[in-house]
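Participant: Got a structure for you, questions after.
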Amino acid sequence: MGNRGMEDLIPLINKLQDAFSSIGQSCNLDLPQIAVVGGQSAGKSSVLENFVGRDFLPRGSGIVTRRPLILQLVNNKAEYAEFLHCKGKKFVDFDEVRTEIESETDRITGSNKGISPIPINLRVYSPHVLNLTLIDLPGMTKVAVGDQPADIEHQIRDMLMQFITKESCLILAVTPANTDLANSDALKIAKEVDPQGLRTIGVITKLDLMDEGTDAKDILENKLLPLRRGYIGVVNRSQKDIDGKKDIRAALAAERKFFLSHPAYRHMAERMGTPHLQKTLNQQLTNHIRDTLPGLRSKLQSQLLSLEKEVEEYKNFRPDDPTRKTKALLQMVQQFGVDFEKCIEGSGDQVDTNELSGGAKINRIFHERFPFELVKIVFDEKELRREISHAIKNVHGVRTGLFTPDLAFEAIVKKQIIKLKTPCLKCIDLVIQELINTVRQCTNKLNSYPRLREETERIVTTHVREREGKTKDQVLLLIDIELSYINTNHEDFIGFANAQQRNTAANKKRAIPNQVIRKGWLTIHISIMKGGSKEYWFVLTAESLSWYKDEEEKEKKYMLPLDNLKIRDVEKGFMSTKHVFAIFNTEQRNVYKDLRQVELACDSQEDVDSWKASFLRAGVYPEKDQTENEEAAPADTFSMDPQLERQVETIRNLVDSYIGIINKSIRDLVPKTIMHLMINSAKDFIHSELLAYLYSSGDQNSLMEESADQAQRRDEMLRMYHALKEALLIIGDISANTISTPVPPPVNDHWIQEAR
């Protein structure tokens with residue numbers, strides 16, 4: 001050794017281990033360390049205590065080590081211990097260390113014999129140790145005891161694997177000499193993860209307990225069941241020695257005497273015993289660290305680079321600096337404004353591919369949901385005819401009219417126009433809801449400052465709610481304007497002469513034949529008895545609805561003409577996650593096979609609304625709720641004389657034409673009104689007035705109070721950053737000093753297969 005750089009290696013890894021343990025596992029570096037594995041009561045804990053020269057580990061029968069113990073040994077003049085979870089507290093009495101390990105284990109695992117992979121970090125400073133980092137792991141067991149879970153064997157195995165599968169981990173495989181080495185659990189699991197034996201060091205314990213006349217000479221000489229790195233024999237204290245509080249130093253002297261006096265081992269006594277094991281491990285770990293340094297350095301550098309950008313804003317951070325708070329406030333409000341505008345207007349960067357939001361959702365409300373709600377109200381055939389009939393009769397009063405009265409037309413038109421108020425107001429409500437959702441979504445970036453987020457959300461939402469009243473007033477005014485004057489001279493209005501010649505059916509304007517209106521996947525809901533639900537590729541044109549096996553449109557399953565079809569809502573099933581609507585024939589004919597209606601299912605209500613809007617464009621309208629009409633309709637409604645019937649038909653056509661004009665106008669003006677009075681107003685407010693409102697809402701310091709999470713994140717980030725920088729500096733120093741250190745040759749490159 002003798003090289004200062006090399007001496008620094010293990011403390012460096014200790015520092016890194018501490019830094020990353022305290023920060024959590026956000027820095028996924030596999031730091032070089034030694035894992036101690038073996039069966040229960042193989043003597044793992046005794047080996048570790050012999051290294052330290054103190055009794056400090058819990059003892060007993062069954063599973064004693066129930067959490068990994070990361071034991072960092074540091075060569076130091078003073079002797080004491082420290083736990084990472086008790087920062088700043090020095091333990092001088094090692095009995096207290098044992099008690100702390102036991103209580104910390106129980107804190108996580110409970111007092112039963114359960115286990116946990118969360119490690120306990122213990123650092124022992126002592127003049128009697130060499131720099132080493134070891135992990136004491138639970139002993140392997142086959143049988144669950146007491147309250148232990150039935151799969152305890154697999155739990156322990158999985159925990160061991162978490163550590164020993166890492167290439168940076170040396171494996172200290174501890175096996176008692178009084179068991180069959182070929183069946184050693186420790187060697188088997190080591191062989192599994194390290195078939196070349198490059199990382200495995202064998203330790204044979206309990207040599208003094210072997211049957212008389214037998215010894216482990218061939219194993220320790222690495223002749224029988226050889227390991228690449230060989231075996232080292234140790235003699236620990238017996239249970240009687242421990243109970244009698246035999247001093248570890250005396251035990252080490254007894255161990256030395258045992259090897260020197262035993263005829264089978266005296267020739268290799270210098271290569272046996274705890275001091276030699278400690279020295280070997282120190283050397284092996286140091287060499288191993290040096291071998292893994294290049295990879296570790298590149299990992300540290302990439303971690304540092306990924307943190308660099310985030311840390312930049314934290315480097316010169318002073319929480320109470322008023323200029324920082326002002327700057328942060330300005331930046332946050334500016335960013336919020338930009339984000340809000342991008343959400344509404346659309347943007348190429350950071351596009352949400354999971355669902356519609358912001359402007360896209362508002363667009364769907366304007367052009368799919370709103371027109372659909374309008375049509376649902378206007379096309380109510382039976383009720384409309386009955387109202388026209390009553391209006392004509394009431395205008396004529398006691399006389400029998402010879403001509404079609406225009407007063408009846410005006411009365412019916414006005415009644416139909418008033419009905420437009422509900423869908424218009426509903427459209428505004430839907431847009432407001434989406435605006436508020438967008439505000440909420442954009443304030444997510446202000447999470448670092450909870451008070452600022454709260455205030456911003458409150459101020460903008462209040463503004464939107466204020467504009468709601470004005471927008472609704474304006475939209476209602478549009479409808480009142482339409483009511484104030486029925487313009488029968490409108491260029492698109494058909495007039496009385498044309499109305500008398502027109503037929504209702506001929507009046508239905510259809511889109512261009514064979515024009516494809518929509519394509520997409522829908523599920524046909526059919527009972528299991530009739531074949532069950534199945535997904536098909538649907539194509540809706542101006543004349544028909546067809547469905548195919550898939551989007552290649554080669555295998556057509558069915559084509560349904562749109563004549564006499566209507567849409568009705570279907571309640572969602574109790575267990576169903578799909579949203580359903582149905583198509584049926586108004587003349588009570590079967591629509592598909594022997595079904596009077598075809599139920600079609602989508603994944604969301606939005607998709608249902610969108611499909612309904614597409615069917616509207618194809619001339620397939622929603623069904624009206626007929627129950628009220630049937631109850632209220634007296635018999636005389638349907639027994640009209642021919643003259644009255646002609647008059648009803650004429651007014652029906654006139655109303656149809658005029659409401660079509662109004663509809664077109666409302667469909668165009670309502671979205672424009674909402675855009676102007678609400679959406680554009682909200683954007684302008686955020687850009688020009690939000691900041692002033694925030695300043696006047698209270699103390700700027702409290703407004704820019706950081707969240708505890710953000711402060712913690714910043715501290716962790718800075719700690720991580722400085723730990724990484726320091727680590728890179730030390731690694732740079734070491735690599736310069738140790739570049740010429742020769743790699744030790746392997747002890748033996750062969751691992752005999754019988755050790756499986």
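How things are named: the first chain in the structure tokens is A, the next is B, and so on; residues count from 1 in each chain; ligands count from 1 in the order shown.
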Any idea what's packed within 7 Å of A:Ile115, counting only C-alpha atoms, ignoring anything in its chain fewer than 5 positions away? Could you give it as a ChimeraX atom specification?

Facilitator: /A:66-67,109

Participant: For N, CA, C and O atoms, I'd like the residues from the last selection saved as an mmCIF file, in the first residue's frame.

Facilitator:
data_model
loop_
_atom_site.group_PDB
_atom_site.id
_atom_site.type_symbol
_atom_site.label_atom_id
_atom_site.label_comp_id
_atom_site.auth_asym_id
_atom_site.auth_seq_id
_atom_site.Cartn_x
_atom_site.Cartn_y
_atom_site.Cartn_z
ATOM 1 N N ARG A 66 -31.501 -8.583 10.556
ATOM 2 C CA ARG A 66 -32.734 -8.555 9.762
ATOM 3 C C ARG A 66 -32.796 -7.371 8.801
ATOM 4 O O ARG A 66 -33.734 -7.210 8.053
ATOM 5 N N ARG A 67 -31.786 -6.507 8.877
ATOM 6 C CA ARG A 67 -31.631 -5.428 7.898
ATOM 7 C C ARG A 67 -30.169 -5.387 7.499
ATOM 8 O O ARG A 67 -29.298 -5.670 8.326
ATOM 9 N N THR A 109 -38.760 -3.062 10.842
ATOM 10 C CA THR A 109 -39.268 -4.422 10.587
ATOM 11 C C THR A 109 -40.288 -4.883 11.611
ATOM 12 O O THR A 109 -40.915 -5.914 11.436
#

Participant: Considering only C-alpha atoms, return as a PyMOL selection string whatever protein or nucleic-acid residues lie within 12 Å of A:Lys89, sequence-local ones (same chain, fewer than 6 positions apart) excluded.

Facilitator: chain A and resi 80-83+96-97+100+122-123

Participant: Taking 3 positions as the minimum chain separation for residues in the same chain, which residues sit within 9 Å of A:Pro176 when counting only C-alpha atoms? Answer as a list in words.

Facilitator: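 Residues near the query, excluding close chain neighbours: Gly38, Gly39, Ser41, Ala42, Gly43, Thr179, Asp180, Leu181, Ser184, Val203, Ile204, Thr205, Lys206 and Leu207 of chain A.
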
Participant: For A:Val74, find every residue with an atom within 10 Å (counting only C-alpha atoms), except residues of its own chain fewer than 6 positions away, and show them as a list in words.

Facilitator: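 That gives Ile10, Pro11, Asn14, Val52, Ala81, Arg123, Val124, Tyr125, Ser126, Pro127, His128, Val129, Leu130, Asn131, Leu132 and Thr133 of chain A.
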
Participant: Store the residues of this selection in a file with N, CA, C and O atoms, as a compact mmCIF listing (two decimals), in the first residue's frame.

Facilitator:
# COMPACT_ATOMS: atom_id res chain seq x y z
N ILE A 10 -10.77 4.06 0.07
CA ILE A 10 -11.91 3.53 0.82
C ILE A 10 -12.67 4.64 1.55
O ILE A 10 -13.90 4.69 1.48
N PRO A 11 -11.97 5.60 2.21
CA PRO A 11 -12.71 6.72 2.79
C PRO A 11 -13.53 7.49 1.75
O PRO A 11 -14.61 7.98 2.04
N ASN A 14 -16.59 5.69 1.22
CA ASN A 14 -17.43 5.91 2.41
C ASN A 14 -18.17 7.24 2.32
O ASN A 14 -19.35 7.36 2.63
N VAL A 52 -13.35 -5.27 14.25
CA VAL A 52 -13.46 -4.04 15.05
C VAL A 52 -12.77 -4.20 16.40
O VAL A 52 -12.26 -3.24 16.97
N ALA A 81 -18.15 5.17 17.53
CA ALA A 81 -19.01 4.77 16.41
C ALA A 81 -20.05 5.86 16.15
O ALA A 81 -20.41 6.62 17.05
N ARG A 123 -20.67 3.67 11.10
CA ARG A 123 -19.24 3.92 10.85
C ARG A 123 -18.48 3.76 12.17
O ARG A 123 -18.89 4.34 13.19
N VAL A 124 -17.45 2.94 12.16
CA VAL A 124 -16.64 2.71 13.37
C VAL A 124 -15.24 3.26 13.15
O VAL A 124 -14.55 2.88 12.20
N TYR A 125 -14.84 4.21 14.01
CA TYR A 125 -13.49 4.78 13.97
C TYR A 125 -12.66 4.07 15.04
O TYR A 125 -13.09 3.96 16.19
N SER A 126 -11.47 3.59 14.66
CA SER A 126 -10.67 2.86 15.65
C SER A 126 -9.22 2.76 15.18
O SER A 126 -8.97 2.66 13.97
N PRO A 127 -8.26 2.77 16.11
CA PRO A 127 -6.86 2.58 15.71
C PRO A 127 -6.58 1.12 15.32
O PRO A 127 -5.56 0.82 14.72
N HIS A 128 -7.50 0.19 15.68
CA HIS A 128 -7.27 -1.24 15.46
C HIS A 128 -7.82 -1.74 14.13
O HIS A 128 -7.78 -2.92 13.85
N VAL A 129 -8.41 -0.84 13.32
CA VAL A 129 -9.01 -1.32 12.06
C VAL A 129 -8.25 -0.76 10.86
O VAL A 129 -7.58 0.27 10.95
N LEU A 130 -8.38 -1.46 9.75
CA LEU A 130 -7.94 -0.93 8.47
C LEU A 130 -9.18 -0.40 7.76
O LEU A 130 -10.30 -0.85 8.03
N ASN A 131 -8.98 0.51 6.85
CA ASN A 131 -10.13 1.07 6.13
C ASN A 131 -10.85 -0.04 5.35
O ASN A 131 -10.25 -0.69 4.49
N LEU A 132 -12.11 -0.23 5.67
CA LEU A 132 -12.91 -1.28 5.01
C LEU A 132 -14.37 -0.86 4.98
O LEU A 132 -14.84 -0.18 5.88
N THR A 133 -15.09 -1.30 3.95
CA THR A 133 -16.55 -1.10 3.93
C THR A 133 -17.18 -2.45 3.68
O THR A 133 -16.96 -3.06 2.64

Participant: Using backbone DSSP assignments, extract all alpha helix (DSSP H) residues from stretch 70-131 of chain A; output them as a PyMOL selection string.

Facilitator: chain A and resi 94-109

Participant: Name the residues in contact with stretch 534-537 of chain A at a cut-off of 6 Å, using only C-alpha atoms, excluding same-chain residues fewer than 2 positions from it; report them as a list in words.

Facilitator: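 Skipping anything fewer than 2 positions along the chain leaves Gly520, Trp521, Leu522, Thr523, Ile524, Trp547, Tyr548, Lys549, Asp550 and Glu551 of chain A.
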
Participant: From a DSSP pass on the backbone, collect the residues of stretch 130-373 of chain A flagged as strand (DSSP E) and hand them back as a JSON list (two decimals) with all heavy atoms, in the first residue's frame.

Facilitator:
[["chain", "number", "residue", "atom", "x", "y", "z"],
["A", 132, "LEU", "N", -12.11, -0.23, 5.67],
["A", 132, "LEU", "CA", -12.91, -1.28, 5.01],
["A", 132, "LEU", "C", -14.37, -0.86, 4.98],
["A", 132, "LEU", "O", -14.84, -0.18, 5.88],
["A", 132, "LEU", "CB", -12.83, -2.59, 5.80],
["A", 132, "LEU", "CG", -11.82, -3.67, 5.39],
["A", 132, "LEU", "CD1", -12.05, -4.91, 6.22],
["A", 132, "LEU", "CD2", -11.91, -4.00, 3.92],
["A", 133, "THR", "N", -15.09, -1.30, 3.95],
["A", 133, "THR", "CA", -16.55, -1.10, 3.93],
["A", 133, "THR", "C", -17.18, -2.45, 3.68],
["A", 133, "THR", "O", -16.96, -3.06, 2.64],
["A", 133, "THR", "CB", -16.96, -0.13, 2.80],
["A", 133, "THR", "OG1", -16.28, 1.11, 3.01],
["A", 133, "THR", "CG2", -18.45, 0.12, 2.81],
["A", 134, "LEU", "N", -17.95, -2.93, 4.66],
["A", 134, "LEU", "CA", -18.58, -4.25, 4.55],
["A", 134, "LEU", "C", -20.08, -4.12, 4.75],
["A", 134, "LEU", "O", -20.55, -3.20, 5.43],
["A", 134, "LEU", "CB", -18.02, -5.21, 5.61],
["A", 134, "LEU", "CG", -16.51, -5.40, 5.61],
["A", 134, "LEU", "CD1", -15.93, -4.86, 6.90],
["A", 134, "LEU", "CD2", -16.15, -6.87, 5.45],
["A", 135, "ILE", "N", -20.82, -5.06, 4.17],
["A", 135, "ILE", "CA", -22.27, -5.08, 4.38],
["A", 135, "ILE", "C", -22.62, -6.42, 5.01],
["A", 135, "ILE", "O", -22.41, -7.48, 4.40],
["A", 135, "ILE", "CB", -23.03, -4.93, 3.05],
["A", 135, "ILE", "CG1", -22.61, -3.64, 2.36],
["A", 135, "ILE", "CG2", -24.53, -4.91, 3.30],
["A", 135, "ILE", "CD1", -23.08, -3.54, 0.95],
["A", 136, "ASP", "N", -23.12, -6.37, 6.23],
["A", 136, "ASP", "CA", -23.55, -7.59, 6.90],
["A", 136, "ASP", "C", -25.00, -7.85, 6.49],
["A", 136, "ASP", "O", -25.88, -7.02, 6.72],
["A", 136, "ASP", "CB", -23.46, -7.38, 8.43],
["A", 136, "ASP", "CG", -23.70, -8.68, 9.19],
["A", 136, "ASP", "OD1", -23.59, -9.76, 8.57],
["A", 136, "ASP", "OD2", -23.99, -8.62, 10.40],
["A", 169, "CYS", "N", -19.47, -5.17, -6.43],
["A", 169, "CYS", "CA", -19.56, -5.73, -5.07],
["A", 169, "CYS", "C", -18.70, -6.99, -4.94],
["A", 169, "CYS", "O", -18.88, -7.96, -5.67],
["A", 169, "CYS", "CB", -21.02, -6.04, -4.76],
["A", 169, "CYS", "SG", -21.26, -6.69, -3.10],
["A", 170, "LEU", "N", -17.74, -6.96, -3.98],
["A", 170, "LEU", "CA", -16.97, -8.17, -3.65],
["A", 170, "LEU", "C", -17.81, -9.03, -2.71],
["A", 170, "LEU", "O", -18.56, -8.50, -1.89],
["A", 170, "LEU", "CB", -15.66, -7.79, -2.94],
["A", 170, "LEU", "CG", -14.58, -7.14, -3.81],
["A", 170, "LEU", "CD1", -13.41, -6.70, -2.93],
["A", 170, "LEU", "CD2", -14.07, -8.07, -4.89],
["A", 171, "ILE", "N", -17.69, -10.34, -2.85],
["A", 171, "ILE", "CA", -18.52, -11.24, -2.03],
["A", 171, "ILE", "C", -17.63, -11.99, -1.05],
["A", 171, "ILE", "O", -16.69, -12.68, -1.45],
["A", 171, "ILE", "CB", -19.26, -12.26, -2.93],
["A", 171, "ILE", "CG1", -20.09, -11.52, -3.99],
["A", 171, "ILE", "CG2", -20.15, -13.18, -2.11],
["A", 171, "ILE", "CD1", -20.49, -12.38, -5.17],
["A", 172, "LEU", "N", -17.93, -11.81, 0.24],
["A", 172, "LEU", "CA", -17.21, -12.54, 1.28],
["A", 172, "LEU", "C", -18.11, -13.72, 1.67],
["A", 172, "LEU", "O", -19.10, -13.55, 2.37],
["A", 172, "LEU", "CB", -16.97, -11.62, 2.49],
["A", 172, "LEU", "CG", -15.93, -12.10, 3.51],
["A", 172, "LEU", "CD1", -14.56, -12.17, 2.88],
["A", 172, "LEU", "CD2", -15.89, -11.16, 4.71],
["A", 173, "ALA", "N", -17.78, -14.92, 1.13],
["A", 173, "ALA", "CA", -18.62, -16.10, 1.34],
["A", 173, "ALA", "C", -18.15, -16.84, 2.59],
["A", 173, "ALA", "O", -17.08, -17.46, 2.60],
["A", 173, "ALA", "CB", -18.55, -17.00, 0.12],
["A", 174, "VAL", "N", -18.96, -16.76, 3.67],
["A", 174, "VAL", "CA", -18.58, -17.34, 4.97],
["A", 174, "VAL", "C", -19.22, -18.72, 5.12],
["A", 174, "VAL", "O", -20.44, -18.86, 5.00],
["A", 174, "VAL", "CB", -19.02, -16.41, 6.13],
["A", 174, "VAL", "CG1", -18.64, -17.01, 7.47],
["A", 174, "VAL", "CG2", -18.40, -15.02, 5.96],
["A", 175, "THR", "N", -18.38, -19.73, 5.37],
["A", 175, "THR", "CA", -18.89, -21.11, 5.54],
["A", 175, "THR", "C", -18.23, -21.73, 6.77],
["A", 175, "THR", "O", -17.00, -21.65, 6.92],
["A", 175, "THR", "CB", -18.53, -21.96, 4.29],
["A", 175, "THR", "OG1", -18.93, -21.25, 3.13],
["A", 175, "THR", "CG2", -19.22, -23.30, 4.34],
["A", 176, "PRO", "N", -19.00, -22.39, 7.65],
["A", 176, "PRO", "CA", -18.38, -23.07, 8.79],
["A", 176, "PRO", "C", -17.63, -24.32, 8.33],
["A", 176, "PRO", "O", -18.08, -25.01, 7.40],
["A", 176, "PRO", "CB", -19.58, -23.45, 9.67],
["A", 176, "PRO", "CG", -20.79, -22.85, 9.04],
["A", 176, "PRO", "CD", -20.46, -22.51, 7.64],
["A", 200, "THR", "N", -15.22, -13.26, -5.60],
["A", 200, "THR", "CA", -15.56, -14.07, -4.41],
["A", 200, "THR", "C", -14.33, -14.42, -3.58],
["A", 200, "THR", "O", -13.34, -14.93, -4.12],
["A", 200, "THR", "CB", -16.27, -15.36, -4.84],
["A", 200, "THR", "OG1", -17.37, -15.02, -5.70],
["A", 200, "THR", "CG2", -16.80, -16.13, -3.64],
["A", 201, "ILE", "N", -14.41, -14.14, -2.29],
["A", 201, "ILE", "CA", -13.34, -14.50, -1.34],
["A", 201, "ILE", "C", -13.96, -15.47, -0.33],
["A", 201, "ILE", "O", -14.99, -15.16, 0.27],
["A", 201, "ILE", "CB", -12.79, -13.25, -0.62],
["A", 201, "ILE", "CG1", -12.24, -12.25, -1.64],
["A", 201, "ILE", "CG2", -11.74, -13.64, 0.41],
["A", 201, "ILE", "CD1", -12.12, -10.84, -1.14],
["A", 202, "GLY", "N", -13.35, -16.63, -0.15],
["A", 202, "GLY", "CA", -13.89, -17.62, 0.77],
["A", 202, "GLY", "C", -13.37, -17.44, 2.18],
["A", 202, "GLY", "O", -12.18, -17.15, 2.39],
["A", 203, "VAL", "N", -14.24, -17.58, 3.18],
["A", 203, "VAL", "CA", -13.82, -17.54, 4.59],
["A", 203, "VAL", "C", -14.34, -18.80, 5.27],
["A", 203, "VAL", "O", -15.53, -19.12, 5.17],
["A", 203, "VAL", "CB", -14.40, -16.29, 5.31],
["A", 203, "VAL", "CG1", -14.06, -16.33, 6.79],
["A", 203, "VAL", "CG2", -13.84, -15.02, 4.69],
["A", 204, "ILE", "N", -13.43, -19.53, 5.92],
["A", 204, "ILE", "CA", -13.83, -20.74, 6.64],
["A", 204, "ILE", "C", -13.77, -20.43, 8.14],
["A", 204, "ILE", "O", -12.73, -20.04, 8.66],
["A", 204, "ILE", "CB", -12.87, -21.92, 6.31],
["A", 204, "ILE", "CG1", -12.75, -22.11, 4.80],
["A", 204, "ILE", "CG2", -13.34, -23.20, 6.99],
["A", 204, "ILE", "CD1", -14.00, -22.57, 4.11],
["A", 205, "THR", "N", -14.93, -20.57, 8.82],
["A", 205, "THR", "CA", -14.99, -20.31, 10.27],
["A", 205, "THR", "C", -15.10, -21.65, 11.02],
["A", 205, "THR", "O", -15.23, -22.71, 10.41],
["A", 205, "THR", "CB", -16.22, -19.44, 10.60],
["A", 205, "THR", "OG1", -17.40, -20.15, 10.19],
["A", 205, "THR", "CG2", -16.19, -18.10, 9.88],
["A", 231, "TYR", "N", -9.12, -19.22, -0.02],
["A", 231, "TYR", "CA", -9.84, -19.19, 1.26],
["A", 231, "TYR", "C", -8.94, -18.66, 2.35],
["A", 231, "TYR", "O", -7.72, -18.82, 2.30],
["A", 231, "TYR", "CB", -10.27, -20.61, 1.67],
["A", 231, "TYR", "CG", -11.24, -21.28, 0.73],
["A", 231, "TYR", "CD1", -10.79, -22.04, -0.34],
["A", 231, "TYR", "CD2", -12.61, -21.17, 0.94],
["A", 231, "TYR", "CE1", -11.67, -22.67, -1.20],
["A", 231, "TYR", "CE2", -13.50, -21.81, 0.10],
["A", 231, "TYR", "CZ", -13.04, -22.56, -0.98],
["A", 231, "TYR", "OH", -13.92, -23.18, -1.82],
["A", 232, "ILE", "N", -9.55, -18.08, 3.36],
["A", 232, "ILE", "CA", -8.82, -17.68, 4.57],
["A", 232, "ILE", "C", -9.57, -18.27, 5.76],
["A", 232, "ILE", "O", -10.81, -18.13, 5.85],
["A", 232, "ILE", "CB", -8.72, -16.14, 4.69],
["A", 232, "ILE", "CG1", -7.88, -15.58, 3.53],
["A", 232, "ILE", "CG2", -8.14, -15.72, 6.03],
["A", 232, "ILE", "CD1", -7.92, -14.08, 3.39],
["A", 233, "GLY", "N", -8.85, -18.94, 6.65],
["A", 233, "GLY", "CA", -9.48, -19.55, 7.82],
["A", 233, "GLY", "C", -9.43, -18.62, 9.02],
["A", 233, "GLY", "O", -8.46, -17.89, 9.21]]

Participant: For stretch 288-293 of chain A, work out the shell of residues within 7 Å, counting only C-alpha atoms and skipping chain neighbours fewer than 3 positions away, then give it as a PyMOL selection string.

Facilitator: chain A and resi 32+168+284-285+296-297

Participant: Work out how far atom CA of A:Ser604 is from atom CA of A:Lys572, in Å to one decimal.

Facilitator: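 A separation of 11.0 Å between them.
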
Participant: Could you check which of A:Ala35, A:Leu728, A:Cys427, A:Ile101 is closest to A:Leu57, using only C-alpha atoms?

Facilitator: A:Ile101

Participant: Write out as a ChimeraX atom specification each polymer residue whose atoms come within 12 Å of stretch 489-492 of chain A, counting only C-alpha atoms; drop sequence neighbours fewer than 4 positions from it.

Facilitator: /A:485,496,498,654,656-662,664-665

Participant: Selected residues, all heavy atoms, written as a compact mmCIF listing (two decimals), in the first residue's frame, please.

Facilitator:
# COMPACT_ATOMS: atom_id res chain seq x y z
N TYR A 485 -86.88 41.35 -33.98
CA TYR A 485 -87.34 41.61 -35.35
C TYR A 485 -87.17 40.34 -36.17
O TYR A 485 -86.06 39.85 -36.34
CB TYR A 485 -86.53 42.76 -35.95
CG TYR A 485 -86.93 43.09 -37.38
CD1 TYR A 485 -88.24 43.52 -37.66
CD2 TYR A 485 -86.02 42.98 -38.42
CE1 TYR A 485 -88.62 43.81 -38.97
CE2 TYR A 485 -86.39 43.29 -39.73
CZ TYR A 485 -87.69 43.70 -40.00
OH TYR A 485 -88.06 43.99 -41.29
N PHE A 496 -93.36 32.67 -48.26
CA PHE A 496 -94.61 31.91 -48.24
C PHE A 496 -94.83 31.10 -49.51
O PHE A 496 -95.27 29.95 -49.47
CB PHE A 496 -95.81 32.87 -48.02
CG PHE A 496 -96.12 33.06 -46.57
CD1 PHE A 496 -95.46 34.02 -45.81
CD2 PHE A 496 -97.08 32.27 -45.95
CE1 PHE A 496 -95.74 34.19 -44.48
CE2 PHE A 496 -97.36 32.45 -44.60
CZ PHE A 496 -96.70 33.40 -43.85
N ASN A 498 -92.75 29.75 -51.69
CA ASN A 498 -91.92 28.53 -51.75
C ASN A 498 -92.32 27.54 -50.67
O ASN A 498 -92.25 26.33 -50.87
CB ASN A 498 -90.44 28.87 -51.59
CG ASN A 498 -89.91 29.61 -52.81
OD1 ASN A 498 -90.42 29.41 -53.91
ND2 ASN A 498 -88.91 30.45 -52.62
N LEU A 654 -91.68 27.22 -43.14
CA LEU A 654 -91.17 28.58 -42.90
C LEU A 654 -90.32 28.63 -41.62
O LEU A 654 -89.24 29.23 -41.60
CB LEU A 654 -92.35 29.56 -42.77
CG LEU A 654 -93.12 29.88 -44.05
CD1 LEU A 654 -94.38 30.65 -43.73
CD2 LEU A 654 -92.24 30.68 -45.03
N ASP A 656 -88.83 26.14 -40.22
CA ASP A 656 -87.61 25.36 -40.51
C ASP A 656 -86.57 26.24 -41.19
O ASP A 656 -85.40 26.28 -40.81
CB ASP A 656 -88.00 24.19 -41.41
CG ASP A 656 -86.96 23.08 -41.35
OD1 ASP A 656 -86.05 23.19 -40.51
OD2 ASP A 656 -87.06 22.13 -42.13
N SER A 657 -87.01 27.01 -42.20
CA SER A 657 -86.10 27.87 -42.95
C SER A 657 -85.53 28.98 -42.07
O SER A 657 -84.32 29.23 -42.05
CB SER A 657 -86.83 28.46 -44.15
OG SER A 657 -86.04 29.44 -44.76
N TYR A 658 -86.46 29.64 -41.32
CA TYR A 658 -86.01 30.79 -40.53
C TYR A 658 -85.09 30.36 -39.37
O TYR A 658 -84.07 31.00 -39.11
CB TYR A 658 -87.21 31.58 -40.00
CG TYR A 658 -86.80 32.96 -39.53
CD1 TYR A 658 -86.63 34.00 -40.45
CD2 TYR A 658 -86.55 33.22 -38.19
CE1 TYR A 658 -86.24 35.26 -40.03
CE2 TYR A 658 -86.15 34.47 -37.76
CZ TYR A 658 -85.99 35.49 -38.69
OH TYR A 658 -85.57 36.74 -38.28
N ILE A 659 -85.47 29.26 -38.72
CA ILE A 659 -84.64 28.78 -37.60
C ILE A 659 -83.27 28.32 -38.12
O ILE A 659 -82.25 28.47 -37.44
CB ILE A 659 -85.36 27.64 -36.82
CG1 ILE A 659 -86.55 28.20 -36.06
CG2 ILE A 659 -84.40 26.94 -35.86
CD1 ILE A 659 -86.21 29.22 -34.98
N GLY A 660 -83.25 27.81 -39.35
CA GLY A 660 -81.96 27.44 -39.96
C GLY A 660 -81.05 28.66 -40.08
O GLY A 660 -79.84 28.59 -39.80
N ILE A 661 -81.66 29.81 -40.46
CA ILE A 661 -80.88 31.06 -40.59
C ILE A 661 -80.38 31.49 -39.20
O ILE A 661 -79.21 31.85 -39.04
CB ILE A 661 -81.77 32.17 -41.21
CG1 ILE A 661 -82.12 31.80 -42.66
CG2 ILE A 661 -81.07 33.53 -41.15
CD1 ILE A 661 -83.26 32.61 -43.25
N ILE A 662 -81.29 31.47 -38.22
CA ILE A 662 -80.93 31.89 -36.85
C ILE A 662 -79.82 30.97 -36.31
O ILE A 662 -78.84 31.43 -35.71
CB ILE A 662 -82.16 31.84 -35.91
CG1 ILE A 662 -83.28 32.74 -36.41
CG2 ILE A 662 -81.76 32.21 -34.47
CD1 ILE A 662 -82.97 34.21 -36.40
N LYS A 664 -77.63 29.24 -37.88
CA LYS A 664 -76.35 29.53 -38.55
C LYS A 664 -75.70 30.75 -37.92
O LYS A 664 -74.49 30.77 -37.63
CB LYS A 664 -76.64 29.77 -40.03
CG LYS A 664 -75.47 29.55 -40.95
CD LYS A 664 -75.95 29.68 -42.39
CE LYS A 664 -74.82 29.54 -43.37
NZ LYS A 664 -75.27 29.70 -44.76
N SER A 665 -76.52 31.76 -37.69
CA SER A 665 -76.02 33.02 -37.12
C SER A 665 -75.51 32.80 -35.69
O SER A 665 -74.42 33.24 -35.32
CB SER A 665 -77.16 34.04 -37.15
OG SER A 665 -76.81 35.16 -36.41
